[in-house]
Amino acid sequence: MTKLGHNKGPALVPGAGWRSYCWRRARADLVGAKLPIEIVRQRVRRARELGLAYPHYARVLMGSGRDIVGFLFTCDALGLRLRRRLVMPNPVRDKLAAIKRADLLALAPEGEAPEAFRRELVEISRLDFAAAGETPAGRPWRFAGTAIQATLSAAGLPGRGVVLVAEDAAQAWVVPGRLGGFVAADAYFTGGEQGPS
């Protein structure tokens with residue numbers, strides 16, 4: 001993230017140009033000019049299994065270097081409403097139920113015990129949420145990493161294989177949480193199945 005007043009120009013650190021060239025060259029050698037069509041088809045199928053648009057899946061895959069093994073959702077992303085008890089919208093539940101070969105994780109609302117929240121979430125959704133953790137919302141930036149890593153540890157998942165699905169403001173939690181990527185809740189729940197066939 002660039003600081004206020006930064007002109008977003010190239011880094012003036014000695015050797016930055018050489019490192020940039022080496023990175024582009026290594027990536028080109030790894031990926032090649034074109035991916036074989038069967039690998040592209042396989043990735044499109046996997047993106048559909050995860051309920052992601054192919055460009056979102058490919059961006060996470062190329063950025064983290066590994067497949068997605070879980071999703072970490074905020075309460076806002078899940079559209080949860082607290083009445084006398086939690087209520088999850090049916091379209092959200094259906095989308096989560098369709099996910100294959102990836103764990104579901106959630107961040108509890110502020111002030112709520114994560115495990116109690118996870119049990120209630122499992123009860124109302126009839127889906128298996130592997131773990132829940134404290135939300136970093138309204139807390140110092142360094143707390144985000146600790147809270148997210150504790151949630152991932154509880155589920156036994158590597159951070160680089162987990163995608164945060166949340167409102168745009170929560171995107172800042174990806175770096176301290178060492179997560180694989182971020183998808184805005186709107187994009188995930190409304191446009192997830194579009195992409196190349």
# chains A, B, ... in the order shown; residues from 1 in each chain; ligands from 1

$ residues_around --residues "range 171-181 of chain A" --least-positions-apart "5" --cutoff "12 Å" --atoms "only C-alpha atoms" --output "PyMOL selection string"
chain A and resi 1+56-74+107+135-153+157-166

$ residues_around --residues "Gly51 in chain A" --least-positions-apart "2" --cutoff "12 Å" --atoms "only C-alpha atoms" --output "PyMOL selection string"
chain A and resi 44-49+53-57+68+70-71+92+94-102+165+183+185+187-195

$ write_last_selection --atoms "C-alpha atoms" --output "PDB file, in the first residue's frame"
ATOM      1  CA  VAL A  44     -11.842 -23.271 -14.935  1.00  0.00           C
ATOM      2  CA  ARG A  45     -13.429 -26.393 -13.387  1.00  0.00           C
ATOM      3  CA  ARG A  46     -11.704 -25.691 -10.059  1.00  0.00           C
ATOM      4  CA  ALA A  47     -12.841 -22.046 -10.117  1.00  0.00           C
ATOM      5  CA  ARG A  48     -16.428 -23.260 -10.593  1.00  0.00           C
ATOM      6  CA  GLU A  49     -16.058 -25.722  -7.695  1.00  0.00           C
ATOM      7  CA  ALA A  53     -15.020 -16.201 -11.409  1.00  0.00           C
ATOM      8  CA  TYR A  54     -12.035 -17.569 -13.344  1.00  0.00           C
ATOM      9  CA  PRO A  55     -10.107 -14.245 -13.300  1.00  0.00           C
ATOM     10  CA  HIS A  56     -10.380 -14.101  -9.484  1.00  0.00           C
ATOM     11  CA  TYR A  57      -9.203 -17.705  -9.168  1.00  0.00           C
ATOM     12  CA  ILE A  68      -7.323 -22.330  -2.604  1.00  0.00           C
ATOM     13  CA  GLY A  70     -10.405 -22.322   2.308  1.00  0.00           C
ATOM     14  CA  PHE A  71     -12.424 -19.141   2.482  1.00  0.00           C
ATOM     15  CA  VAL A  92     -25.607 -17.041   0.485  1.00  0.00           C
ATOM     16  CA  ASP A  94     -26.751 -22.071  -1.344  1.00  0.00           C
ATOM     17  CA  LYS A  95     -23.523 -20.552  -2.691  1.00  0.00           C
ATOM     18  CA  LEU A  96     -21.535 -21.821   0.313  1.00  0.00           C
ATOM     19  CA  ALA A  97     -23.132 -25.277   0.097  1.00  0.00           C
ATOM     20  CA  ALA A  98     -21.929 -25.577  -3.514  1.00  0.00           C
ATOM     21  CA  ILE A  99     -18.232 -25.070  -2.618  1.00  0.00           C
ATOM     22  CA  LYS A 100     -16.197 -28.244  -3.093  1.00  0.00           C
ATOM     23  CA  ARG A 101     -12.856 -29.209  -1.561  1.00  0.00           C
ATOM     24  CA  ALA A 102     -12.357 -26.017   0.472  1.00  0.00           C
ATOM     25  CA  VAL A 165     -14.187 -12.735   1.299  1.00  0.00           C
ATOM     26  CA  VAL A 183     -12.379 -11.238  -3.165  1.00  0.00           C
ATOM     27  CA  ALA A 185     -18.192 -10.044  -1.096  1.00  0.00           C
ATOM     28  CA  ALA A 187     -18.141 -10.039  -6.578  1.00  0.00           C
ATOM     29  CA  TYR A 188     -18.138 -13.440  -4.869  1.00  0.00           C
ATOM     30  CA  PHE A 189     -21.838 -13.731  -4.152  1.00  0.00           C
ATOM     31  CA  THR A 190     -23.190 -12.072  -7.311  1.00  0.00           C
ATOM     32  CA  GLY A 191     -20.707 -12.799 -10.100  1.00  0.00           C
ATOM     33  CA  GLY A 192     -18.779 -15.855  -8.959  1.00  0.00           C
ATOM     34  CA  GLU A 193     -19.717 -18.298 -11.671  1.00  0.00           C
ATOM     35  CA  GLN A 194     -18.988 -16.137 -14.667  1.00  0.00           C
ATOM     36  CA  GLY A 195     -15.799 -16.638 -16.592  1.00  0.00           C
TER      37      GLY A 195
END

$ closest_residue --among "A:Met88, A:Ala154, A:Ala16, A:Cys75" --to "Arg126 in chain A" --atoms "only C-alpha atoms"
A:Met88

$ residues_around --residues "Phe129 in chain A" --least-positions-apart "5" --cutoff "9 Å" --atoms "only C-alpha atoms" --output "VMD selection string"
chain A and resid 103 to 106 118 to 119 121 to 122

$ select_by_dssp --residues "range 5-195 of chain A" --states "strand (DSSP E)" --output "PyMOL selection string"
chain A and resi 70-73+81-82+86-87+103-108+129-134+162-166+181-184

$ residues_around --residues "Arg85 in chain A" --least-positions-apart "6" --cutoff "12 Å" --atoms "only C-alpha atoms" --output "NGL selection string"
:A and (117 or 120-121 or 123-124)

$ select_by_dssp --residues "range 61-179 of chain A" --states "alpha helix (DSSP H)" --output "ChimeraX atom specification"
/A:61-64,75-78,90-97,114-125,141-155,174-177

$ atom_distance --atom1 "CA of Asp186 in chain A" --atom2 "CA of Ile39 in chain A"
27.9 Å
